[in-house]
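Peer 1: The structure file coords.pdb (PDB, C-alpha atoms and all ligand atoms) is provided below.
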```pdb
ATOM      1  CA  MET A1215      11.098  31.932  11.718
ATOM      2  CA  LYS A1216       7.488  32.928  11.129
ATOM      3  CA  ILE A1217       5.146  30.094  10.154
ATOM      4  CA  THR A1218       1.795  30.786   8.471
ATOM      5  CA  LEU A1219      -0.695  27.946   8.234
ATOM      6  CA  SER A1220      -3.194  28.086   5.368
ATOM      7  CA  GLN A1221      -6.719  28.664   6.627
ATOM      8  CA  PHE A1222      -7.917  25.946   4.240
ATOM      9  CA  ALA A1223      -5.290  23.295   5.045
ATOM     10  CA  GLY A1224      -6.526  19.748   5.487
ATOM     11  CA  PHE A1225      -9.770  17.823   4.995
ATOM     12  CA  CYS A1226     -12.350  19.518   2.806
ATOM     13  CA  ASP A1227     -16.060  19.047   3.592
ATOM     14  CA  GLY A1228     -16.413  16.115   1.201
ATOM     15  CA  VAL A1229     -13.486  14.151   2.603
ATOM     16  CA  ARG A1230     -14.439  14.908   6.214
ATOM     17  CA  ARG A1231     -17.981  13.715   5.488
ATOM     18  CA  ALA A1232     -16.738  10.461   3.903
ATOM     19  CA  PHE A1233     -14.347   9.803   6.786
ATOM     20  CA  GLU A1234     -17.050  10.433   9.394
ATOM     21  CA  ILE A1235     -19.580   8.205   7.608
ATOM     22  CA  VAL A1236     -17.078   5.345   7.665
ATOM     23  CA  GLN A1237     -15.921   6.044  11.236
ATOM     24  CA  ASN A1238     -19.573   5.891  12.372
ATOM     25  CA  ILE A1239     -20.412   2.589  10.671
ATOM     26  CA  ASP A1240     -21.994   0.254  13.182
ATOM     27  CA  SER A1241     -20.320  -3.054  12.379
ATOM     28  CA  GLU A1242     -23.117  -4.961  14.148
ATOM     29  CA  LYS A1243     -25.749  -3.683  11.745
ATOM     30  CA  ILE A1244     -23.925  -3.977   8.483
ATOM     31  CA  LYS A1245     -23.775  -6.768   5.922
ATOM     32  CA  LYS A1246     -20.289  -8.289   6.051
ATOM     33  CA  PRO A1247     -17.612  -8.473   4.829
ATOM     34  CA  VAL A1248     -17.188  -4.764   4.197
ATOM     35  CA  PHE A1249     -14.848  -3.343   1.578
ATOM     36  CA  VAL A1250     -13.998   0.086   0.288
ATOM     37  CA  LEU A1251     -13.534   0.501  -3.448
ATOM     38  CA  GLY A1252     -10.038   2.031  -3.640
ATOM     39  CA  SER A1253      -8.623   4.398  -1.034
ATOM     40  CA  LEU A1254     -11.318   6.266   0.883
ATOM     41  CA  VAL A1255      -8.945   9.209   1.050
ATOM     42  CA  HIS A1256      -5.563   9.544  -0.643
ATOM     43  CA  ASN A1257      -3.727   9.226   2.634
ATOM     44  CA  GLN A1258      -2.144   6.078   4.032
ATOM     45  CA  ASP A1259      -2.757   7.006   7.697
ATOM     46  CA  VAL A1260      -6.476   7.317   7.024
ATOM     47  CA  VAL A1261      -6.481   4.048   5.065
ATOM     48  CA  ASN A1262      -4.776   2.349   8.041
ATOM     49  CA  LYS A1263      -7.366   3.728  10.461
ATOM     50  CA  ILE A1264     -10.171   2.350   8.315
ATOM     51  CA  GLU A1265      -8.476  -1.038   8.105
ATOM     52  CA  GLU A1266      -8.413  -1.102  11.920
ATOM     53  CA  LYS A1267     -12.210  -1.161  11.726
ATOM     54  CA  GLY A1268     -12.010  -4.347   9.677
ATOM     55  CA  ILE A1269     -12.718  -2.583   6.390
ATOM     56  CA  ALA A1270     -10.296  -3.616   3.675
ATOM     57  CA  LYS A1271      -9.580  -1.923   0.384
ATOM     58  CA  ILE A1272     -10.388  -3.703  -2.871
ATOM     59  CA  ASP A1273      -9.680  -2.721  -6.414
ATOM     60  CA  MET A1274     -12.115  -2.600  -9.281
ATOM     61  CA  GLN A1275     -11.074  -5.921 -10.808
ATOM     62  CA  THR A1276     -11.541  -7.773  -7.505
ATOM     63  CA  PHE A1277     -14.979  -6.217  -7.174
ATOM     64  CA  LEU A1278     -15.908  -7.211 -10.729
ATOM     65  CA  ASP A1279     -14.584 -10.770 -10.265
ATOM     66  CA  SER A1280     -16.261 -11.284  -6.879
ATOM     67  CA  LYS A1281     -18.918 -13.936  -6.524
ATOM     68  CA  ALA A1282     -22.236 -13.391  -4.759
ATOM     69  CA  GLY A1283     -21.667 -13.359  -0.993
ATOM     70  CA  GLU A1284     -17.951 -12.531  -1.132
ATOM     71  CA  ILE A1285     -18.691  -8.847  -0.600
ATOM     72  CA  GLY A1286     -21.412  -7.881   1.895
ATOM     73  CA  THR A1287     -21.128  -4.098   1.754
ATOM     74  CA  LEU A1288     -19.189  -1.877  -0.607
ATOM     75  CA  ILE A1289     -18.187   1.669   0.356
ATOM     76  CA  ILE A1290     -18.011   4.122  -2.536
ATOM     77  CA  THR A1291     -15.416   6.818  -1.872
ATOM     78  CA  ALA A1292     -15.881  10.610  -2.013
ATOM     79  CA  HIS A1293     -14.521  10.580  -5.592
ATOM     80  CA  GLY A1294     -17.622   8.689  -6.740
ATOM     81  CA  ALA A1295     -18.196   5.757  -9.079
ATOM     82  CA  GLY A1296     -19.794   5.179 -12.448
ATOM     83  CA  PRO A1297     -23.364   3.860 -12.855
ATOM     84  CA  LYS A1298     -22.195   0.319 -13.690
ATOM     85  CA  ILE A1299     -20.805  -0.174 -10.171
ATOM     86  CA  TYR A1300     -24.251   0.400  -8.667
ATOM     87  CA  GLU A1301     -25.879  -1.932 -11.194
ATOM     88  CA  ILE A1302     -23.350  -4.738 -10.644
ATOM     89  CA  ALA A1303     -23.606  -4.374  -6.847
ATOM     90  CA  LYS A1304     -27.376  -4.702  -7.078
ATOM     91  CA  VAL A1305     -27.150  -7.865  -9.182
ATOM     92  CA  LYS A1306     -24.653  -9.410  -6.715
ATOM     93  CA  GLY A1307     -26.767  -8.462  -3.671
ATOM     94  CA  ILE A1308     -24.073  -6.089  -2.342
ATOM     95  CA  GLU A1309     -25.193  -3.266  -0.041
ATOM     96  CA  ILE A1310     -23.741   0.151  -0.860
ATOM     97  CA  ILE A1311     -22.564   2.854   1.517
ATOM     98  CA  ASP A1312     -22.147   5.852  -0.729
ATOM     99  CA  THR A1313     -19.812   8.621   0.473
ATOM    100  CA  THR A1314     -19.588  10.367  -2.910
ATOM    101  CA  CYS A1315     -19.104  14.080  -2.294
ATOM    102  CA  PRO A1316     -22.299  16.001  -3.219
ATOM    103  CA  ARG A1317     -20.180  18.327  -5.386
ATOM    104  CA  VAL A1318     -18.886  15.364  -7.379
ATOM    105  CA  ILE A1319     -22.450  14.040  -7.740
ATOM    106  CA  LYS A1320     -23.391  17.392  -9.235
ATOM    107  CA  VAL A1321     -20.781  17.030 -12.016
ATOM    108  CA  GLN A1322     -21.758  13.385 -12.611
ATOM    109  CA  ARG A1323     -25.403  14.388 -13.051
ATOM    110  CA  LEU A1324     -24.494  17.277 -15.351
ATOM    111  CA  ALA A1325     -22.508  14.835 -17.489
ATOM    112  CA  GLN A1326     -25.525  12.528 -17.627
ATOM    113  CA  VAL A1327     -27.970  15.330 -18.486
ATOM    114  CA  TYR A1328     -25.772  16.860 -21.201
ATOM    115  CA  PHE A1329     -25.015  13.448 -22.696
ATOM    116  CA  ASN A1330     -28.756  12.711 -22.877
ATOM    117  CA  ARG A1331     -29.289  16.068 -24.587
ATOM    118  CA  GLY A1332     -26.859  15.043 -27.328
ATOM    119  CA  TYR A1333     -23.903  17.202 -26.285
ATOM    120  CA  THR A1334     -20.268  16.259 -26.717
ATOM    121  CA  ILE A1335     -18.679  16.680 -23.304
ATOM    122  CA  ILE A1336     -15.135  18.021 -22.977
ATOM    123  CA  LEU A1337     -13.992  16.831 -19.579
ATOM    124  CA  VAL A1338     -10.999  18.690 -18.152
ATOM    125  CA  GLY A1339      -9.321  16.376 -15.673
ATOM    126  CA  ASP A1340      -6.520  13.985 -14.790
ATOM    127  CA  ARG A1341      -6.887  10.939 -17.034
ATOM    128  CA  ASP A1342      -6.470   8.225 -14.388
ATOM    129  CA  HIS A1343      -8.227   9.945 -11.512
ATOM    130  CA  LYS A1344     -11.193   8.106  -9.986
ATOM    131  CA  GLU A1345     -13.439  11.142  -9.980
ATOM    132  CA  VAL A1346     -12.735  11.794 -13.657
ATOM    133  CA  LYS A1347     -13.456   8.174 -14.556
ATOM    134  CA  SER A1348     -16.765   8.319 -12.705
ATOM    135  CA  ILE A1349     -17.842  11.541 -14.468
ATOM    136  CA  PHE A1350     -16.751  10.015 -17.789
ATOM    137  CA  GLU A1351     -18.945   6.979 -17.167
ATOM    138  CA  TRP A1352     -21.968   9.071 -16.167
ATOM    139  CA  GLY A1353     -21.429  10.983 -19.423
ATOM    140  CA  GLY A1354     -22.067   7.829 -21.441
ATOM    141  CA  GLU A1355     -18.328   7.072 -21.753
ATOM    142  CA  LYS A1356     -18.215   9.435 -24.721
ATOM    143  CA  ALA A1357     -16.597  12.502 -23.166
ATOM    144  CA  LEU A1358     -13.392  13.863 -24.714
ATOM    145  CA  LEU A1359     -10.792  14.117 -22.000
ATOM    146  CA  VAL A1360      -8.358  17.032 -21.810
ATOM    147  CA  SER A1361      -5.555  16.553 -19.291
ATOM    148  CA  ASN A1362      -2.848  18.816 -20.678
ATOM    149  CA  GLN A1363      -1.891  21.436 -23.250
ATOM    150  CA  GLU A1364      -1.059  18.897 -25.938
ATOM    151  CA  GLU A1365      -4.457  17.234 -25.698
ATOM    152  CA  LEU A1366      -6.100  20.636 -25.815
ATOM    153  CA  ARG A1367      -4.244  21.642 -29.015
ATOM    154  CA  ASN A1368      -5.106  18.295 -30.632
ATOM    155  CA  LEU A1369      -8.841  18.533 -29.957
ATOM    156  CA  ASP A1370     -10.821  18.325 -33.143
ATOM    157  CA  LEU A1371     -14.422  19.354 -32.722
ATOM    158  CA  SER A1372     -15.191  19.998 -36.348
ATOM    159  CA  GLY A1373     -18.701  18.968 -37.276
ATOM    160  CA  LEU A1374     -19.912  18.966 -33.691
ATOM    161  CA  GLU A1375     -22.793  21.296 -32.949
ATOM    162  CA  LYS A1376     -23.337  20.974 -29.228
ATOM    163  CA  VAL A1377     -20.266  21.042 -27.006
ATOM    164  CA  VAL A1378     -20.020  21.606 -23.255
ATOM    165  CA  VAL A1379     -16.970  21.837 -20.975
ATOM    166  CA  LEU A1380     -17.136  20.168 -17.550
ATOM    167  CA  THR A1381     -14.243  19.957 -15.102
ATOM    168  CA  GLN A1382     -12.901  17.708 -12.397
ATOM    169  CA  THR A1383     -13.698  19.437  -9.097
ATOM    170  CA  THR A1384     -10.017  19.777  -8.198
ATOM    171  CA  GLN A1385      -8.683  21.051 -11.540
ATOM    172  CA  SER A1386      -6.415  24.062 -11.853
ATOM    173  CA  LYS A1387      -8.549  27.181 -12.380
ATOM    174  CA  ASP A1388      -5.915  28.644 -14.685
ATOM    175  CA  PHE A1389      -5.836  25.566 -16.930
ATOM    176  CA  VAL A1390      -9.634  25.416 -17.121
ATOM    177  CA  LYS A1391      -9.741  29.110 -18.064
ATOM    178  CA  GLU A1392      -7.220  28.424 -20.823
ATOM    179  CA  VAL A1393      -9.269  25.465 -22.125
ATOM    180  CA  VAL A1394     -12.476  27.492 -22.210
ATOM    181  CA  GLU A1395     -10.831  30.480 -23.934
ATOM    182  CA  PHE A1396      -9.164  28.217 -26.504
ATOM    183  CA  LEU A1397     -12.388  26.371 -27.304
ATOM    184  CA  LYS A1398     -14.582  29.457 -27.454
ATOM    185  CA  ALA A1399     -12.147  31.127 -29.859
ATOM    186  CA  LYS A1400     -12.385  28.117 -32.186
ATOM    187  CA  TYR A1401     -15.980  27.111 -31.513
ATOM    188  CA  PRO A1402     -18.034  30.122 -30.389
ATOM    189  CA  ASN A1403     -21.012  27.887 -29.594
ATOM    190  CA  ALA A1404     -19.086  25.835 -27.006
ATOM    191  CA  GLU A1405     -20.693  26.086 -23.577
ATOM    192  CA  SER A1406     -18.898  25.752 -20.253
ATOM    193  CA  LEU A1407     -20.026  25.085 -16.712
ATOM    194  CA  ASP A1408     -17.853  25.962 -13.765
ATOM    195  CA  THR A1409     -17.690  22.730 -11.788
ATOM    196  CA  ILE A1410     -14.522  23.419  -9.802
ATOM    197  CA  CYS A1411     -15.328  22.989  -6.127
ATOM    198  CA  LEU A1412     -15.290  26.103  -3.923
ATOM    199  CA  ALA A1413     -12.865  24.385  -1.539
ATOM    200  CA  THR A1414     -10.425  23.968  -4.443
ATOM    201  CA  ASP A1415     -11.047  27.480  -5.666
ATOM    202  CA  GLN A1416     -10.254  29.056  -2.289
ATOM    203  CA  ARG A1417      -7.145  26.938  -1.751
ATOM    204  CA  GLN A1418      -5.730  27.795  -5.159
ATOM    205  CA  ASP A1419      -6.297  31.529  -4.660
ATOM    206  CA  GLU A1420      -4.803  31.464  -1.193
ATOM    207  CA  ILE A1421      -1.705  29.432  -2.105
ATOM    208  CA  LYS A1422      -0.682  31.995  -4.740
ATOM    209  CA  ASN A1423      -0.678  34.730  -2.082
ATOM    210  CA  LEU A1424       1.079  32.571   0.487
ATOM    211  CA  ALA A1425       3.761  31.570  -2.013
ATOM    212  CA  ARG A1426       4.310  35.220  -2.960
ATOM    213  CA  ASP A1427       4.435  36.514   0.629
ATOM    214  CA  ASN A1428       6.701  33.829   2.132
ATOM    215  CA  ASP A1429      10.288  32.707   1.597
ATOM    216  CA  GLY A1430       9.281  29.061   1.361
ATOM    217  CA  VAL A1431       6.163  26.874   1.112
ATOM    218  CA  VAL A1432       5.544  23.423   2.567
ATOM    219  CA  VAL A1433       2.745  21.465   0.868
ATOM    220  CA  ILE A1434       1.580  18.386   2.772
ATOM    221  CA  GLY A1435      -0.218  15.677   0.839
ATOM    222  CA  SER A1436      -0.076  12.292  -0.781
ATOM    223  CA  PRO A1437       1.511  11.889  -4.234
ATOM    224  CA  ASP A1438      -1.830  10.304  -5.297
ATOM    225  CA  SER A1439      -3.849  13.341  -4.259
ATOM    226  CA  ALA A1440      -4.856  15.476  -7.253
ATOM    227  CA  ASN A1441      -5.574  18.617  -5.268
ATOM    228  CA  SER A1442      -2.316  18.357  -3.274
ATOM    229  CA  ASN A1443      -0.318  18.062  -6.490
ATOM    230  CA  ARG A1444      -2.188  21.063  -7.853
ATOM    231  CA  LEU A1445      -1.289  23.139  -4.785
ATOM    232  CA  PHE A1446       2.349  22.159  -5.224
ATOM    233  CA  GLU A1447       2.325  23.113  -8.924
ATOM    234  CA  ILE A1448       0.756  26.503  -8.232
ATOM    235  CA  ALA A1449       3.024  27.289  -5.275
ATOM    236  CA  THR A1450       6.143  26.267  -7.245
ATOM    237  CA  SER A1451       5.166  28.458 -10.185
ATOM    238  CA  VAL A1452       5.062  31.481  -7.855
ATOM    239  CA  ASN A1453       7.843  30.493  -5.459
ATOM    240  CA  PRO A1454      10.335  27.776  -6.506
ATOM    241  CA  LYS A1455      11.297  27.273  -2.858
ATOM    242  CA  THR A1456       8.364  24.899  -2.369
ATOM    243  CA  ILE A1457       8.554  21.401  -0.973
ATOM    244  CA  PHE A1458       6.004  18.550  -1.205
ATOM    245  CA  ILE A1459       5.979  16.202   1.777
ATOM    246  CA  GLU A1460       3.746  13.420   3.048
ATOM    247  CA  ARG A1461       4.577  13.719   6.729
ATOM    248  CA  ALA A1462       6.761  15.471   9.330
ATOM    249  CA  GLU A1463       9.653  12.995   8.946
ATOM    250  CA  ASP A1464      10.200  14.170   5.350
ATOM    251  CA  LEU A1465      11.459  17.574   6.552
ATOM    252  CA  THR A1466      15.133  18.357   7.010
ATOM    253  CA  ASP A1467      16.978  21.204   8.787
ATOM    254  CA  GLU A1468      18.795  22.131   5.572
ATOM    255  CA  TRP A1469      15.648  22.964   3.655
ATOM    256  CA  PHE A1470      14.785  25.732   6.149
ATOM    257  CA  SER A1471      18.270  27.254   6.155
ATOM    258  CA  GLY A1472      18.069  31.033   5.651
ATOM    259  CA  LEU A1473      14.250  31.185   5.566
ATOM    260  CA  GLU A1474      12.470  33.766   7.687
ATOM    261  CA  LYS A1475       8.859  33.236   6.632
ATOM    262  CA  VAL A1476       7.376  29.860   5.742
ATOM    263  CA  ALA A1477       3.815  29.019   4.677
ATOM    264  CA  VAL A1478       2.322  25.593   5.322
ATOM    265  CA  THR A1479      -0.633  24.198   3.410
ATOM    266  CA  ALA A1480      -2.133  20.741   2.989
ATOM    267  CA  GLY A1481      -4.295  18.974   0.442
ATOM    268  CA  ALA A1482      -7.941  18.133   1.061
ATOM    269  CA  SER A1483      -7.073  14.545   1.984
ATOM    270  CA  THR A1484      -4.523  15.380   4.681
ATOM    271  CA  PRO A1485      -5.796  14.690   8.203
ATOM    272  CA  ASP A1486      -5.343  17.228  11.022
ATOM    273  CA  TRP A1487      -2.990  15.002  12.997
ATOM    274  CA  ILE A1488      -0.451  14.990  10.150
ATOM    275  CA  ILE A1489      -0.617  18.791   9.800
ATOM    276  CA  GLU A1490      -0.122  19.186  13.553
ATOM    277  CA  GLY A1491       2.872  16.840  13.412
ATOM    278  CA  VAL A1492       4.454  18.894  10.616
ATOM    279  CA  LEU A1493       3.918  22.182  12.489
ATOM    280  CA  ALA A1494       5.423  20.712  15.655
ATOM    281  CA  ARG A1495       8.465  19.498  13.749
ATOM    282  CA  ILE A1496       9.034  22.838  12.009
ATOM    283  CA  GLU A1497       8.873  24.604  15.368
ATOM    284  CA  LYS A1498      11.393  22.149  16.769
ATOM    285  CA  LEU A1499      13.730  22.543  13.799
TER
HETATM  286  S1  LIG B   1     -12.439  18.866  -2.982
HETATM  287 FE1  LIG B   1     -14.548  19.608  -3.118
HETATM  288  S2  LIG B   1     -15.526  18.187  -4.527
HETATM  289 FE2  LIG B   1     -13.652  17.176  -3.837
HETATM  290  S3  LIG B   1     -14.282  15.943  -2.092
HETATM  291 FE3  LIG B   1     -13.604  17.941  -1.312
HETATM  292  S4  LIG B   1     -15.484  19.183  -1.122
HETATM  293 FE4  LIG B   1     -15.909  17.437  -2.457
END
```
Kindly transcribe the structure held in the file into structure tokens.

Peer 2:
Amino acid sequence: MKITLSQFAGFCDGVRRAFEIVQNIDSEKIKKPVFVLGSLVHNQDVVNKIEEKGIAKIDMQTFLDSKAGEIGTLIITAHGAGPKIYEIAKVKGIEIIDTTCPRVIKVQRLAQVYFNRGYTIILVGDRDHKEVKSIFEWGGEKALLVSNQEELRNLDLSGLEKVVVLTQTTQSKDFVKEVVEFLKAKYPNAESLDTICLATDQRQDEIKNLARDNDGVVVIGSPDSANSNRLFEIATSVNPKTIFIERAEDLTDEWFSGLEKVAVTAGASTPDWIIEGVLARIEKL
């Protein structure tokens, strides 16, 4: 069986940067205790590694309810956070280590600028995703969110003069294109800015070709990872023989029965050691 590994599989620049920043924290020089707001990366192995450094995960409510001194340092993940988090941390005397991906910061700032210019922002993204929430908050919490076809069809922009479309960095290119075409047909003045990250763009283009040219596709990622789910959706639409796994142990002999060519890809939050484990297991099978 021939195995082709995606050239873009695994950590993207933003996730690698966040992971390295946290790995390089000097615990002697930092205000303790240290917490990370949510999962640094949507991958349990990475979360476990960070916990080994004495850095625990906290959720938003725990952060909001914390009293002065209960949190020494707060790590903001690559997905970013809204402006209120920074303000509250300052008031509580909490130090911030900010690993927000520069490409996410760009969308947050665009949301802020367009909101201040009086635009209505149409944000194309997954409703409960951290990155989307952070962009929403930087956009004055007034953005109209479009997560699916139904929400797109139900959008009512009548009476609005200035409208701009911004997108979650890991959105499906095809869905964003559909949103922009739909809006421009109805509202010719609607503006749109391409804020899909290049790493996402390349992965989505490549996975279509891999799915077409192979008998089966293995997508490695966490169910919580937006970009991994997107890769799975795209691969499945081209080649239904696509499987989504978190780790090597999820693979079975039966799934590979009769396949001659298999492509392997992984979401931007999947560490190298998990990809290597999957490849080793496929070769063994
Ligand atoms: S997918 Fe792109 S925007 Fe998101 S963290 Fe990675 S590099 Fe940054």

Peer 1: Extending 3 Å beyond the listed atoms of region 1457-1467 of chain A on each side, what axis-aligned box results? I want centre and edge lengths in Å to one decimal, as JSON.

Peer 2:
```
{"center_x": 10.4, "center_y": 17.2, "center_z": 4.1, "size_x": 19.2, "size_y": 14.4, "size_z": 16.5}
```

Peer 1: Taking the file as shown, find all residues satisfying the PyMOL selection byres (((not hetatm)) within 12 of (chain B and resi 1)) and write them as a VMD selection string.

Peer 2: chain A and resid 1222 to 1233 1254 to 1256 1291 to 1294 1313 to 1322 1343 to 1346 1381 to 1386 1409 to 1418 1439 to 1442 1444 1481 to 1484

Peer 1: Hey, can you check how far CA of Phe1249 (chain A) sits from CA of Ala1295 (chain A)?

Peer 2: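 Value for the CA of Phe1249 (chain A)-CA of Ala1295 (chain A) distance: 14.4 Å.
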
Peer 1: Rank A:Leu1324, A:Ile1336, A:Leu1445, A:Val1476 by their smallest atom-to-atom distance to Ala1404 (chain A), using all atoms listed in the file, and report the top residue only.

Peer 2: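 Nearest to Ala1404 (chain A): A:Ile1336.
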
Peer 1: What is the CA of Phe1389 (chain A)-CA of Val1338 (chain A) distance in Å, reported with one decimal?

Peer 2: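 Distance between the two atoms: 8.7 Å.
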
Peer 1: Measuring between all atoms listed in the file, which one of A:Asn1443, A:Ser1348, A:Gln1275, A:Thr1479 shows the shortest distance to Tyr1300 (chain A)?

Peer 2: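 Answer, going by the shortest atom-to-atom distance: A:Ser1348.
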
Peer 1: For Ala1477 (chain A), which residue among A:Gln1258, A:Lys1216, A:Ala1462, A:Ser1406 is the nearest when counting all atoms listed in the file?

Peer 2: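 Closest candidate: A:Lys1216.
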
Peer 1: Reconstruct N, CA, C and O atoms of region 1364-1377 of chain A from the incomplete input and present them as an mmCIF file, keeping the file's coordinate frame.

Peer 2:
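Once written, rebuild-v6.cif looks like this:
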```
data_model
loop_
_atom_site.group_PDB
_atom_site.id
_atom_site.type_symbol
_atom_site.label_atom_id
_atom_site.label_comp_id
_atom_site.auth_asym_id
_atom_site.auth_seq_id
_atom_site.Cartn_x
_atom_site.Cartn_y
_atom_site.Cartn_z
ATOM 1 N N GLU A 1364 -1.160 19.613 -24.663
ATOM 2 C CA GLU A 1364 -1.059 18.897 -25.938
ATOM 3 C C GLU A 1364 -2.429 18.352 -26.355
ATOM 4 O O GLU A 1364 -2.847 18.486 -27.505
ATOM 5 N N GLU A 1365 -3.131 17.777 -25.380
ATOM 6 C CA GLU A 1365 -4.457 17.234 -25.698
ATOM 7 C C GLU A 1365 -5.416 18.345 -26.094
ATOM 8 O O GLU A 1365 -6.287 18.158 -26.940
ATOM 9 N N LEU A 1366 -5.240 19.497 -25.476
ATOM 10 C CA LEU A 1366 -6.100 20.636 -25.815
ATOM 11 C C LEU A 1366 -5.859 21.054 -27.269
ATOM 12 O O LEU A 1366 -6.807 21.220 -28.042
ATOM 13 N N ARG A 1367 -4.577 21.201 -27.643
ATOM 14 C CA ARG A 1367 -4.244 21.642 -29.015
ATOM 15 C C ARG A 1367 -4.713 20.618 -30.052
ATOM 16 O O ARG A 1367 -5.030 20.961 -31.172
ATOM 17 N N ASN A 1368 -4.738 19.342 -29.667
ATOM 18 C CA ASN A 1368 -5.106 18.295 -30.632
ATOM 19 C C ASN A 1368 -6.612 18.044 -30.724
ATOM 20 O O ASN A 1368 -7.048 17.198 -31.494
ATOM 21 N N LEU A 1369 -7.393 18.769 -29.928
ATOM 22 C CA LEU A 1369 -8.841 18.533 -29.957
ATOM 23 C C LEU A 1369 -9.418 18.905 -31.320
ATOM 24 O O LEU A 1369 -9.162 19.992 -31.820
ATOM 25 N N ASP A 1370 -10.176 18.002 -31.873
ATOM 26 C CA ASP A 1370 -10.821 18.325 -33.143
ATOM 27 C C ASP A 1370 -12.335 18.213 -32.954
ATOM 28 O O ASP A 1370 -12.870 17.120 -32.805
ATOM 29 N N LEU A 1371 -12.976 19.365 -32.955
ATOM 30 C CA LEU A 1371 -14.422 19.354 -32.722
ATOM 31 C C LEU A 1371 -15.197 19.680 -33.991
ATOM 32 O O LEU A 1371 -16.388 19.981 -33.938
ATOM 33 N N SER A 1372 -14.495 19.611 -35.125
ATOM 34 C CA SER A 1372 -15.191 19.998 -36.348
ATOM 35 C C SER A 1372 -16.402 19.095 -36.590
ATOM 36 O O SER A 1372 -16.350 17.886 -36.383
ATOM 37 N N GLY A 1373 -17.474 19.716 -37.001
ATOM 38 C CA GLY A 1373 -18.701 18.968 -37.276
ATOM 39 C C GLY A 1373 -19.601 18.811 -36.068
ATOM 40 O O GLY A 1373 -20.755 18.408 -36.194
ATOM 41 N N LEU A 1374 -19.083 19.124 -34.891
ATOM 42 C CA LEU A 1374 -19.912 18.966 -33.691
ATOM 43 C C LEU A 1374 -20.692 20.258 -33.434
ATOM 44 O O LEU A 1374 -20.140 21.350 -33.512
ATOM 45 N N GLU A 1375 -21.976 20.093 -33.136
ATOM 46 C CA GLU A 1375 -22.793 21.296 -32.949
ATOM 47 C C GLU A 1375 -22.922 21.683 -31.487
ATOM 48 O O GLU A 1375 -22.901 22.852 -31.128
ATOM 49 N N LYS A 1376 -23.089 20.666 -30.638
ATOM 50 C CA LYS A 1376 -23.337 20.974 -29.228
ATOM 51 C C LYS A 1376 -22.176 20.455 -28.377
ATOM 52 O O LYS A 1376 -21.951 19.248 -28.297
ATOM 53 N N VAL A 1377 -21.449 21.407 -27.779
ATOM 54 C CA VAL A 1377 -20.266 21.042 -27.006
ATOM 55 C C VAL A 1377 -20.343 21.726 -25.652
ATOM 56 O O VAL A 1377 -20.694 22.897 -25.549
#
```
